[in-house]
Amino acid sequence: MTIRSTGRAIFCVAALFALALAPTAGMGQDFPTKPIHIIVPYAPGGGTDVLARIVAQHLSEELKQQVVVDNKPGAGGSLGAGLAAKAPADGYTLVVATSATMMFPALYKDLGFDPVNDFTPIALIGTSPFILIANNNLPVKNMSELIALAKSKPGSLSYGSAGNGSVNHITMELFKVMAGVDILHVPYKGSSGALTDVMGGQISMMMDTVISATQQIKGGKVKALGATGLERSSLSPDLPTISEQGPKGYEATVWYGLAAPKGVPDAIAQKLNMQINKVLGSTALRQRFASLGAEPVLINTTEFGKLMAADEKKWGSVIRSANIRVQ
């Protein structure tokens, strides 16, 4: 499933409002009557946490009710997600689910919950592509040259990641499979160490976030080879996608969304979706997201559920084929 930005949003706010109006009768009409808690399964200050807090602030204003962010880090994000899965299904506990959440079943042997079947999809918040960056001395200018070099010297090039099982590890493994290349994985304890070594030439390349990569590219410290979305990002429109250059069809967009425990009444889920999409359409929120390298996306609960299921299947296949395990 392709995720499109607000400029090409699947549904406009007005249409979403109209579609959600009928289901919000009865139970959903008075919701919420007390604070809503959003579990962020990562430590404070990270990109996921910041995006969640921006949405929480705007949603509090829209609902005229407090929306509280609770950080529950641990086990790569699976701890907080597991706590949310076991919370009451009343709409007052939400969790930030990401594309990384959909990787958990294949990464963890005893996860204790299913990120598709144990959650009710509420709303997609936004997306952010990675950029494949390389050391300036690597003798390639684009993806075609990189693939040719990698094929001519199997195992001689290297890439860094934030650690075994991290998103930038698994997205790079997908690239390796689709491009038919052998590039050595070098795991780090966080992305910053990998980025430092790409700039220093200790490793050849890495997948990095738009905001981090753009700063280093503009500073001339690394070079950009391609973005991971199927379509060019409005945040870096001059940078070709990997899919444009090859391998065709490659996509590894990171998305962020809100989910609730399974069994939340549909009226409440639809009302939350409507209100979240409404705040995502605001100029102030879009500007805040853009400063973080993210683009808000407006879709309904059904489409978000399809995205979750598709990503669990997609990334599970990559993880199993690469024999990646973190537990």
# chains A, B, ... in the order shown; residues from 1 in each chain; ligands from 1
>>> residues_around(residues="Gly180 of chain A", least_positions_apart="2", cutoff="12 Å", atoms="only C-alpha atoms", output="list in words")
Leu146, Ile147, Ala148, Leu149, Ala150, Lys151, Ser152, Pro154, Gly155, Met172, Glu173, Leu174, Phe175, Lys176, Val177, Met178, Asp182, Ile183, Gly246 and Pro247 of chain A
>>> write_last_selection(atoms="C-alpha atoms", output="PDB file, in the first residue's frame")
ATOM      1  CA  LEU A 146      26.150   1.869  -6.073  1.00  0.00           C
ATOM      2  CA  ILE A 147      24.515  -1.380  -7.158  1.00  0.00           C
ATOM      3  CA  ALA A 148      27.150  -1.917  -9.838  1.00  0.00           C
ATOM      4  CA  LEU A 149      29.968  -1.327  -7.341  1.00  0.00           C
ATOM      5  CA  ALA A 150      28.405  -3.633  -4.754  1.00  0.00           C
ATOM      6  CA  LYS A 151      27.978  -6.404  -7.310  1.00  0.00           C
ATOM      7  CA  SER A 152      31.572  -6.053  -8.476  1.00  0.00           C
ATOM      8  CA  PRO A 154      30.531  -8.568  -2.890  1.00  0.00           C
ATOM      9  CA  GLY A 155      30.856  -8.004   0.858  1.00  0.00           C
ATOM     10  CA  MET A 172      18.550  -1.887   4.238  1.00  0.00           C
ATOM     11  CA  GLU A 173      18.122  -5.664   4.184  1.00  0.00           C
ATOM     12  CA  LEU A 174      15.083  -5.187   1.938  1.00  0.00           C
ATOM     13  CA  PHE A 175      17.219  -3.110  -0.405  1.00  0.00           C
ATOM     14  CA  LYS A 176      19.904  -5.812  -0.479  1.00  0.00           C
ATOM     15  CA  VAL A 177      17.355  -8.474  -1.415  1.00  0.00           C
ATOM     16  CA  MET A 178      15.665  -6.392  -4.115  1.00  0.00           C
ATOM     17  CA  ASP A 182      25.923  -8.270  -0.602  1.00  0.00           C
ATOM     18  CA  ILE A 183      26.688  -5.361   1.751  1.00  0.00           C
ATOM     19  CA  GLY A 246      16.444   0.899  -9.078  1.00  0.00           C
ATOM     20  CA  PRO A 247      15.455  -1.455  -7.710  1.00  0.00           C
TER      21      PRO A 247
END
>>> select_by_dssp(residues="segment 84-305 of chain A", states="helix (DSSP H, G or I)", output="PDB file with N, CA and C atoms, in the first residue's frame")
ATOM      1  N   ALA A  84      -0.310  -1.353  26.232  1.00  0.00           N
ATOM      2  CA  ALA A  84      -1.485  -0.767  25.594  1.00  0.00           C
ATOM      3  C   ALA A  84      -2.459  -1.847  25.138  1.00  0.00           C
ATOM      4  N   ALA A  85      -1.946  -2.958  24.648  1.00  0.00           N
ATOM      5  CA  ALA A  85      -2.805  -4.044  24.163  1.00  0.00           C
ATOM      6  C   ALA A  85      -3.673  -4.619  25.276  1.00  0.00           C
ATOM      7  N   THR A 101       6.556  -1.254  14.791  1.00  0.00           N
ATOM      8  CA  THR A 101       5.676  -2.109  15.593  1.00  0.00           C
ATOM      9  C   THR A 101       5.262  -3.344  14.815  1.00  0.00           C
ATOM     10  N   MET A 102       5.078  -3.190  13.510  1.00  0.00           N
ATOM     11  CA  MET A 102       4.655  -4.302  12.674  1.00  0.00           C
ATOM     12  C   MET A 102       5.774  -5.332  12.461  1.00  0.00           C
ATOM     13  N   MET A 103       6.993  -4.975  12.848  1.00  0.00           N
ATOM     14  CA  MET A 103       8.127  -5.898  12.728  1.00  0.00           C
ATOM     15  C   MET A 103       8.266  -6.801  13.953  1.00  0.00           C
ATOM     16  N   PHE A 104       7.613  -6.435  15.058  1.00  0.00           N
ATOM     17  CA  PHE A 104       7.800  -7.149  16.318  1.00  0.00           C
ATOM     18  C   PHE A 104       7.537  -8.652  16.249  1.00  0.00           C
ATOM     19  N   PRO A 105       6.427  -9.104  15.628  1.00  0.00           N
ATOM     20  CA  PRO A 105       6.146 -10.546  15.650  1.00  0.00           C
ATOM     21  C   PRO A 105       7.265 -11.399  15.058  1.00  0.00           C
ATOM     22  N   ALA A 106       7.946 -10.883  14.044  1.00  0.00           N
ATOM     23  CA  ALA A 106       9.032 -11.643  13.424  1.00  0.00           C
ATOM     24  C   ALA A 106      10.342 -11.500  14.195  1.00  0.00           C
ATOM     25  N   LEU A 107      10.479 -10.423  14.973  1.00  0.00           N
ATOM     26  CA  LEU A 107      11.726 -10.173  15.687  1.00  0.00           C
ATOM     27  C   LEU A 107      11.767 -10.827  17.059  1.00  0.00           C
ATOM     28  N   MET A 143      22.162   5.473  -7.394  1.00  0.00           N
ATOM     29  CA  MET A 143      21.879   4.107  -7.002  1.00  0.00           C
ATOM     30  C   MET A 143      22.399   3.087  -8.012  1.00  0.00           C
ATOM     31  N   SER A 144      22.335   3.425  -9.296  1.00  0.00           N
ATOM     32  CA  SER A 144      22.815   2.493 -10.330  1.00  0.00           C
ATOM     33  C   SER A 144      24.301   2.210 -10.142  1.00  0.00           C
ATOM     34  N   GLU A 145      25.054   3.265  -9.852  1.00  0.00           N
ATOM     35  CA  GLU A 145      26.490   3.095  -9.657  1.00  0.00           C
ATOM     36  C   GLU A 145      26.785   2.338  -8.368  1.00  0.00           C
ATOM     37  N   LEU A 146      25.964   2.595  -7.335  1.00  0.00           N
ATOM     38  CA  LEU A 146      26.150   1.869  -6.073  1.00  0.00           C
ATOM     39  C   LEU A 146      25.914   0.373  -6.266  1.00  0.00           C
ATOM     40  N   ILE A 147      24.832   0.038  -6.935  1.00  0.00           N
ATOM     41  CA  ILE A 147      24.515  -1.380  -7.158  1.00  0.00           C
ATOM     42  C   ILE A 147      25.608  -2.051  -7.988  1.00  0.00           C
ATOM     43  N   ALA A 148      26.083  -1.359  -9.003  1.00  0.00           N
ATOM     44  CA  ALA A 148      27.150  -1.917  -9.838  1.00  0.00           C
ATOM     45  C   ALA A 148      28.420  -2.150  -9.032  1.00  0.00           C
ATOM     46  N   LEU A 149      28.771  -1.193  -8.173  1.00  0.00           N
ATOM     47  CA  LEU A 149      29.968  -1.327  -7.341  1.00  0.00           C
ATOM     48  C   LEU A 149      29.816  -2.478  -6.351  1.00  0.00           C
ATOM     49  N   ALA A 150      28.643  -2.564  -5.728  1.00  0.00           N
ATOM     50  CA  ALA A 150      28.405  -3.633  -4.754  1.00  0.00           C
ATOM     51  C   ALA A 150      28.467  -5.010  -5.408  1.00  0.00           C
ATOM     52  N   LYS A 151      27.957  -5.119  -6.611  1.00  0.00           N
ATOM     53  CA  LYS A 151      27.978  -6.404  -7.310  1.00  0.00           C
ATOM     54  C   LYS A 151      29.386  -6.778  -7.771  1.00  0.00           C
ATOM     55  N   SER A 152      30.206  -5.770  -8.041  1.00  0.00           N
ATOM     56  CA  SER A 152      31.572  -6.053  -8.476  1.00  0.00           C
ATOM     57  C   SER A 152      32.488  -6.428  -7.318  1.00  0.00           C
ATOM     58  N   VAL A 167      14.925  -0.320  12.540  1.00  0.00           N
ATOM     59  CA  VAL A 167      14.247  -0.048  11.271  1.00  0.00           C
ATOM     60  C   VAL A 167      15.252   0.182  10.145  1.00  0.00           C
ATOM     61  N   ASN A 168      16.326   0.942  10.432  1.00  0.00           N
ATOM     62  CA  ASN A 168      17.277   1.188   9.344  1.00  0.00           C
ATOM     63  C   ASN A 168      18.126  -0.045   9.021  1.00  0.00           C
ATOM     64  N   HIS A 169      18.149  -1.021   9.898  1.00  0.00           N
ATOM     65  CA  HIS A 169      18.759  -2.319   9.575  1.00  0.00           C
ATOM     66  C   HIS A 169      17.859  -3.087   8.608  1.00  0.00           C
ATOM     67  N   ILE A 170      16.594  -3.212   8.948  1.00  0.00           N
ATOM     68  CA  ILE A 170      15.679  -4.045   8.173  1.00  0.00           C
ATOM     69  C   ILE A 170      15.358  -3.427   6.816  1.00  0.00           C
ATOM     70  N   THR A 171      15.238  -2.094   6.773  1.00  0.00           N
ATOM     71  CA  THR A 171      14.986  -1.448   5.472  1.00  0.00           C
ATOM     72  C   THR A 171      16.171  -1.629   4.526  1.00  0.00           C
ATOM     73  N   MET A 172      17.370  -1.667   5.077  1.00  0.00           N
ATOM     74  CA  MET A 172      18.550  -1.887   4.238  1.00  0.00           C
ATOM     75  C   MET A 172      18.607  -3.343   3.768  1.00  0.00           C
ATOM     76  N   GLU A 173      18.160  -4.264   4.593  1.00  0.00           N
ATOM     77  CA  GLU A 173      18.122  -5.664   4.184  1.00  0.00           C
ATOM     78  C   GLU A 173      17.139  -5.867   3.028  1.00  0.00           C
ATOM     79  N   LEU A 174      16.024  -5.124   3.057  1.00  0.00           N
ATOM     80  CA  LEU A 174      15.083  -5.187   1.938  1.00  0.00           C
ATOM     81  C   LEU A 174      15.751  -4.698   0.662  1.00  0.00           C
ATOM     82  N   PHE A 175      16.504  -3.617   0.766  1.00  0.00           N
ATOM     83  CA  PHE A 175      17.219  -3.110  -0.405  1.00  0.00           C
ATOM     84  C   PHE A 175      18.195  -4.157  -0.944  1.00  0.00           C
ATOM     85  N   LYS A 176      18.929  -4.796  -0.059  1.00  0.00           N
ATOM     86  CA  LYS A 176      19.904  -5.812  -0.479  1.00  0.00           C
ATOM     87  C   LYS A 176      19.230  -6.941  -1.255  1.00  0.00           C
ATOM     88  N   VAL A 177      18.081  -7.387  -0.746  1.00  0.00           N
ATOM     89  CA  VAL A 177      17.355  -8.474  -1.415  1.00  0.00           C
ATOM     90  C   VAL A 177      16.867  -8.034  -2.790  1.00  0.00           C
ATOM     91  N   MET A 178      16.236  -6.858  -2.851  1.00  0.00           N
ATOM     92  CA  MET A 178      15.665  -6.392  -4.115  1.00  0.00           C
ATOM     93  C   MET A 178      16.737  -6.031  -5.146  1.00  0.00           C
ATOM     94  N   ALA A 179      17.894  -5.544  -4.671  1.00  0.00           N
ATOM     95  CA  ALA A 179      18.966  -5.158  -5.583  1.00  0.00           C
ATOM     96  C   ALA A 179      19.900  -6.317  -5.903  1.00  0.00           C
ATOM     97  N   SER A 191      21.638   5.431  16.104  1.00  0.00           N
ATOM     98  CA  SER A 191      21.960   5.922  14.761  1.00  0.00           C
ATOM     99  C   SER A 191      23.115   6.912  14.739  1.00  0.00           C
ATOM    100  N   SER A 192      23.320   7.652  15.829  1.00  0.00           N
ATOM    101  CA  SER A 192      24.339   8.703  15.821  1.00  0.00           C
ATOM    102  C   SER A 192      25.734   8.134  15.600  1.00  0.00           C
ATOM    103  N   GLY A 193      26.020   6.978  16.204  1.00  0.00           N
ATOM    104  CA  GLY A 193      27.330   6.360  16.024  1.00  0.00           C
ATOM    105  C   GLY A 193      27.548   5.919  14.588  1.00  0.00           C
ATOM    106  N   ALA A 194      26.503   5.374  13.981  1.00  0.00           N
ATOM    107  CA  ALA A 194      26.601   4.956  12.586  1.00  0.00           C
ATOM    108  C   ALA A 194      26.821   6.153  11.679  1.00  0.00           C
ATOM    109  N   LEU A 195      26.095   7.241  11.932  1.00  0.00           N
ATOM    110  CA  LEU A 195      26.236   8.442  11.118  1.00  0.00           C
ATOM    111  C   LEU A 195      27.650   9.012  11.218  1.00  0.00           C
ATOM    112  N   THR A 196      28.180   9.035  12.404  1.00  0.00           N
ATOM    113  CA  THR A 196      29.547   9.533  12.605  1.00  0.00           C
ATOM    114  C   THR A 196      30.544   8.739  11.775  1.00  0.00           C
ATOM    115  N   ASP A 197      30.370   7.421  11.743  1.00  0.00           N
ATOM    116  CA  ASP A 197      31.311   6.576  11.000  1.00  0.00           C
ATOM    117  C   ASP A 197      31.088   6.621   9.489  1.00  0.00           C
ATOM    118  N   VAL A 198      29.866   6.936   9.043  1.00  0.00           N
ATOM    119  CA  VAL A 198      29.663   7.165   7.604  1.00  0.00           C
ATOM    120  C   VAL A 198      30.429   8.419   7.197  1.00  0.00           C
ATOM    121  N   MET A 199      30.291   9.472   7.987  1.00  0.00           N
ATOM    122  CA  MET A 199      30.991  10.719   7.680  1.00  0.00           C
ATOM    123  C   MET A 199      32.498  10.517   7.720  1.00  0.00           C
ATOM    124  N   GLY A 200      32.964   9.683   8.648  1.00  0.00           N
ATOM    125  CA  GLY A 200      34.397   9.463   8.798  1.00  0.00           C
ATOM    126  C   GLY A 200      34.983   8.438   7.858  1.00  0.00           C
ATOM    127  N   VAL A 210      15.135  11.729   7.365  1.00  0.00           N
ATOM    128  CA  VAL A 210      15.206  12.918   6.509  1.00  0.00           C
ATOM    129  C   VAL A 210      15.837  14.095   7.236  1.00  0.00           C
ATOM    130  N   ILE A 211      15.393  14.362   8.454  1.00  0.00           N
ATOM    131  CA  ILE A 211      15.869  15.565   9.139  1.00  0.00           C
ATOM    132  C   ILE A 211      17.350  15.464   9.475  1.00  0.00           C
ATOM    133  N   SER A 212      17.806  14.294   9.916  1.00  0.00           N
ATOM    134  CA  SER A 212      19.220  14.109  10.243  1.00  0.00           C
ATOM    135  C   SER A 212      20.072  14.103   8.978  1.00  0.00           C
ATOM    136  N   ALA A 213      19.618  13.362   7.974  1.00  0.00           N
ATOM    137  CA  ALA A 213      20.382  13.249   6.729  1.00  0.00           C
ATOM    138  C   ALA A 213      20.492  14.588   6.010  1.00  0.00           C
ATOM    139  N   THR A 214      19.387  15.346   5.967  1.00  0.00           N
ATOM    140  CA  THR A 214      19.383  16.618   5.251  1.00  0.00           C
ATOM    141  C   THR A 214      20.397  17.591   5.828  1.00  0.00           C
ATOM    142  N   GLN A 215      20.509  17.607   7.146  1.00  0.00           N
ATOM    143  CA  GLN A 215      21.476  18.499   7.794  1.00  0.00           C
ATOM    144  C   GLN A 215      22.898  18.174   7.365  1.00  0.00           C
ATOM    145  N   GLN A 216      23.215  16.883   7.296  1.00  0.00           N
ATOM    146  CA  GLN A 216      24.569  16.468   6.936  1.00  0.00           C
ATOM    147  C   GLN A 216      24.835  16.630   5.436  1.00  0.00           C
ATOM    148  N   ILE A 217      23.793  16.417   4.633  1.00  0.00           N
ATOM    149  CA  ILE A 217      23.931  16.590   3.177  1.00  0.00           C
ATOM    150  C   ILE A 217      24.197  18.061   2.853  1.00  0.00           C
ATOM    151  N   LYS A 218      23.401  18.958   3.434  1.00  0.00           N
ATOM    152  CA  LYS A 218      23.582  20.387   3.187  1.00  0.00           C
ATOM    153  C   LYS A 218      24.941  20.863   3.684  1.00  0.00           C
ATOM    154  N   ILE A 242      14.794   5.809  -4.473  1.00  0.00           N
ATOM    155  CA  ILE A 242      15.517   4.592  -4.836  1.00  0.00           C
ATOM    156  C   ILE A 242      14.750   3.855  -5.920  1.00  0.00           C
ATOM    157  N   SER A 243      13.417   3.850  -5.807  1.00  0.00           N
ATOM    158  CA  SER A 243      12.592   3.150  -6.794  1.00  0.00           C
ATOM    159  C   SER A 243      12.761   3.732  -8.193  1.00  0.00           C
ATOM    160  N   GLU A 244      12.929   5.048  -8.299  1.00  0.00           N
ATOM    161  CA  GLU A 244      13.151   5.684  -9.603  1.00  0.00           C
ATOM    162  C   GLU A 244      14.422   5.167 -10.272  1.00  0.00           C
ATOM    163  N   GLN A 245      15.422   4.919  -9.459  1.00  0.00           N
ATOM    164  CA  GLN A 245      16.739   4.570  -9.981  1.00  0.00           C
ATOM    165  C   GLN A 245      16.968   3.059 -10.040  1.00  0.00           C
ATOM    166  N   ASP A 266     -16.874   1.133  17.784  1.00  0.00           N
ATOM    167  CA  ASP A 266     -16.615   1.767  16.495  1.00  0.00           C
ATOM    168  C   ASP A 266     -16.946   3.260  16.515  1.00  0.00           C
ATOM    169  N   ALA A 267     -17.990   3.635  17.271  1.00  0.00           N
ATOM    170  CA  ALA A 267     -18.370   5.046  17.328  1.00  0.00           C
ATOM    171  C   ALA A 267     -17.229   5.896  17.886  1.00  0.00           C
ATOM    172  N   ILE A 268     -16.542   5.371  18.900  1.00  0.00           N
ATOM    173  CA  ILE A 268     -15.420   6.091  19.503  1.00  0.00           C
ATOM    174  C   ILE A 268     -14.226   6.111  18.556  1.00  0.00           C
ATOM    175  N   ALA A 269     -13.944   4.974  17.929  1.00  0.00           N
ATOM    176  CA  ALA A 269     -12.827   4.911  16.980  1.00  0.00           C
ATOM    177  C   ALA A 269     -13.024   5.898  15.839  1.00  0.00           C
ATOM    178  N   GLN A 270     -14.261   5.984  15.330  1.00  0.00           N
ATOM    179  CA  GLN A 270     -14.542   6.889  14.210  1.00  0.00           C
ATOM    180  C   GLN A 270     -14.456   8.351  14.634  1.00  0.00           C
ATOM    181  N   LYS A 271     -14.908   8.636  15.854  1.00  0.00           N
ATOM    182  CA  LYS A 271     -14.832  10.027  16.324  1.00  0.00           C
ATOM    183  C   LYS A 271     -13.382  10.449  16.506  1.00  0.00           C
ATOM    184  N   LEU A 272     -12.564   9.563  17.072  1.00  0.00           N
ATOM    185  CA  LEU A 272     -11.152   9.875  17.240  1.00  0.00           C
ATOM    186  C   LEU A 272     -10.474  10.068  15.883  1.00  0.00           C
ATOM    187  N   ASN A 273     -10.801   9.206  14.937  1.00  0.00           N
ATOM    188  CA  ASN A 273     -10.224   9.333  13.601  1.00  0.00           C
ATOM    189  C   ASN A 273     -10.577  10.683  12.978  1.00  0.00           C
ATOM    190  N   MET A 274     -11.843  11.063  13.115  1.00  0.00           N
ATOM    191  CA  MET A 274     -12.308  12.334  12.561  1.00  0.00           C
ATOM    192  C   MET A 274     -11.568  13.517  13.188  1.00  0.00           C
ATOM    193  N   GLN A 275     -11.451  13.505  14.501  1.00  0.00           N
ATOM    194  CA  GLN A 275     -10.835  14.632  15.196  1.00  0.00           C
ATOM    195  C   GLN A 275      -9.326  14.689  14.945  1.00  0.00           C
ATOM    196  N   ILE A 276      -8.683  13.537  14.897  1.00  0.00           N
ATOM    197  CA  ILE A 276      -7.246  13.513  14.636  1.00  0.00           C
ATOM    198  C   ILE A 276      -6.955  14.008  13.225  1.00  0.00           C
ATOM    199  N   ASN A 277      -7.737  13.552  12.253  1.00  0.00           N
ATOM    200  CA  ASN A 277      -7.550  14.017  10.885  1.00  0.00           C
ATOM    201  C   ASN A 277      -7.802  15.515  10.756  1.00  0.00           C
ATOM    202  N   LYS A 278      -8.715  16.007  11.568  1.00  0.00           N
ATOM    203  CA  LYS A 278      -8.995  17.442  11.543  1.00  0.00           C
ATOM    204  C   LYS A 278      -7.775  18.236  12.003  1.00  0.00           C
ATOM    205  N   VAL A 279      -7.137  17.806  13.088  1.00  0.00           N
ATOM    206  CA  VAL A 279      -5.974  18.544  13.572  1.00  0.00           C
ATOM    207  C   VAL A 279      -4.775  18.355  12.648  1.00  0.00           C
ATOM    208  N   LEU A 280      -4.712  17.213  11.966  1.00  0.00           N
ATOM    209  CA  LEU A 280      -3.619  16.982  11.024  1.00  0.00           C
ATOM    210  C   LEU A 280      -3.696  17.920   9.822  1.00  0.00           C
ATOM    211  N   THR A 283      -2.539  24.126   9.507  1.00  0.00           N
ATOM    212  CA  THR A 283      -1.272  24.655   9.001  1.00  0.00           C
ATOM    213  C   THR A 283      -0.188  24.608  10.064  1.00  0.00           C
ATOM    214  N   ALA A 284      -0.556  24.942  11.294  1.00  0.00           N
ATOM    215  CA  ALA A 284       0.428  24.964  12.382  1.00  0.00           C
ATOM    216  C   ALA A 284       1.037  23.587  12.601  1.00  0.00           C
ATOM    217  N   LEU A 285       0.194  22.557  12.600  1.00  0.00           N
ATOM    218  CA  LEU A 285       0.712  21.199  12.801  1.00  0.00           C
ATOM    219  C   LEU A 285       1.583  20.768  11.636  1.00  0.00           C
ATOM    220  N   ARG A 286       1.171  21.066  10.418  1.00  0.00           N
ATOM    221  CA  ARG A 286       1.961  20.668   9.249  1.00  0.00           C
ATOM    222  C   ARG A 286       3.353  21.312   9.281  1.00  0.00           C
ATOM    223  N   GLN A 287       3.411  22.543   9.723  1.00  0.00           N
ATOM    224  CA  GLN A 287       4.699  23.227   9.801  1.00  0.00           C
ATOM    225  C   GLN A 287       5.592  22.591  10.862  1.00  0.00           C
ATOM    226  N   ARG A 288       5.007  22.204  11.996  1.00  0.00           N
ATOM    227  CA  ARG A 288       5.776  21.537  13.049  1.00  0.00           C
ATOM    228  C   ARG A 288       6.290  20.195  12.558  1.00  0.00           C
ATOM    229  N   PHE A 289       5.441  19.441  11.862  1.00  0.00           N
ATOM    230  CA  PHE A 289       5.846  18.145  11.332  1.00  0.00           C
ATOM    231  C   PHE A 289       6.985  18.308  10.324  1.00  0.00           C
ATOM    232  N   ALA A 290       6.845  19.289   9.434  1.00  0.00           N
ATOM    233  CA  ALA A 290       7.857  19.498   8.398  1.00  0.00           C
ATOM    234  C   ALA A 290       9.221  19.778   9.020  1.00  0.00           C
ATOM    235  N   SER A 291       9.238  20.496  10.129  1.00  0.00           N
ATOM    236  CA  SER A 291      10.509  20.804  10.799  1.00  0.00           C
ATOM    237  C   SER A 291      11.180  19.553  11.343  1.00  0.00           C
ATOM    238  N   THR A 301     -10.004   4.661   9.293  1.00  0.00           N
ATOM    239  CA  THR A 301      -9.578   3.536  10.126  1.00  0.00           C
ATOM    240  C   THR A 301      -9.380   2.264   9.308  1.00  0.00           C
ATOM    241  N   THR A 302     -10.230   2.049   8.304  1.00  0.00           N
ATOM    242  CA  THR A 302     -10.122   0.843   7.483  1.00  0.00           C
ATOM    243  C   THR A 302      -8.820   0.823   6.702  1.00  0.00           C
ATOM    244  N   GLU A 303      -8.472   1.930   6.077  1.00  0.00           N
ATOM    245  CA  GLU A 303      -7.238   2.006   5.304  1.00  0.00           C
ATOM    246  C   GLU A 303      -6.016   1.886   6.200  1.00  0.00           C
ATOM    247  N   PHE A 304      -6.095   2.456   7.396  1.00  0.00           N
ATOM    248  CA  PHE A 304      -4.971   2.336   8.321  1.00  0.00           C
ATOM    249  C   PHE A 304      -4.793   0.872   8.744  1.00  0.00           C
ATOM    250  N   GLY A 305      -5.897   0.179   8.978  1.00  0.00           N
ATOM    251  CA  GLY A 305      -5.818  -1.234   9.327  1.00  0.00           C
ATOM    252  C   GLY A 305      -5.189  -2.063   8.216  1.00  0.00           C
TER     253      GLY A 305
END
>>> closest_residue(among="A:Ser234, A:Thr228, A:Ser161, A:Asn323", to="Val254 of chain A", atoms="only C-alpha atoms")
A:Thr228
>>> select_by_dssp(residues="segment 197-251 of chain A", states="strand (DSSP E or B)", output="ChimeraX atom specification")
/A:205-209,223-227,241
>>> write_last_selection(atoms="N, CA and C atoms", output="short mmCIF file (atom, residue, chain, number, x, y, z; two decimals), in the first residue's frame")
data_model
loop_
_atom_site.label_atom_id
_atom_site.label_comp_id
_atom_site.auth_asym_id
_atom_site.auth_seq_id
_atom_site.Cartn_x
_atom_site.Cartn_y
_atom_site.Cartn_z
N MET A 205 27.91 3.48 4.14
CA MET A 205 26.59 4.09 3.96
C MET A 205 25.66 3.73 5.11
N MET A 206 24.46 4.34 5.10
CA MET A 206 23.40 3.97 6.04
C MET A 206 22.09 4.59 5.57
N MET A 207 21.00 4.03 6.04
CA MET A 207 19.69 4.66 5.91
C MET A 207 19.53 5.60 7.09
N ASP A 208 19.24 6.88 6.83
CA ASP A 208 19.08 7.85 7.90
C ASP A 208 17.77 8.59 7.73
N THR A 209 17.28 9.19 8.80
CA THR A 209 16.04 9.95 8.74
C THR A 209 16.23 11.21 7.91
N LYS A 223 26.86 12.32 1.11
CA LYS A 223 26.10 12.53 -0.12
C LYS A 223 24.86 11.65 -0.11
N ALA A 224 23.80 12.17 -0.72
CA ALA A 224 22.52 11.45 -0.78
C ALA A 224 22.44 10.67 -2.08
N LEU A 225 22.02 9.41 -1.97
CA LEU A 225 21.88 8.56 -3.15
C LEU A 225 20.42 8.35 -3.54
N GLY A 226 19.51 8.35 -2.56
CA GLY A 226 18.10 8.15 -2.89
C GLY A 226 17.24 8.14 -1.66
N ALA A 227 15.97 8.53 -1.83
CA ALA A 227 14.97 8.49 -0.75
C ALA A 227 14.16 7.20 -0.86
N THR A 241 13.95 9.07 -5.81
CA THR A 241 13.72 7.93 -4.93
C THR A 241 14.61 6.76 -5.37
#
>>> residues_around(residues="Gly163 of chain A", least_positions_apart="6", cutoff="7 Å", atoms="only C-alpha atoms", output="PyMOL selection string")
chain A and resi 169+187-190
>>> residues_around(residues="Ala81 of chain A", least_positions_apart="2", cutoff="12 Å", atoms="only C-alpha atoms", output="ChimeraX atom specification")
/A:38-42,70-79,83-87,93-98,100-102,104,111-116,118-119,258-261
>>> atom_distance(atom1="atom CA of Ser204 of chain A", atom2="atom CA of Leu138 of chain A")
6.8 Å
>>> atom_distance(atom1="atom CA of Val222 of chain A", atom2="atom CA of Thr253 of chain A")
20.9 Å
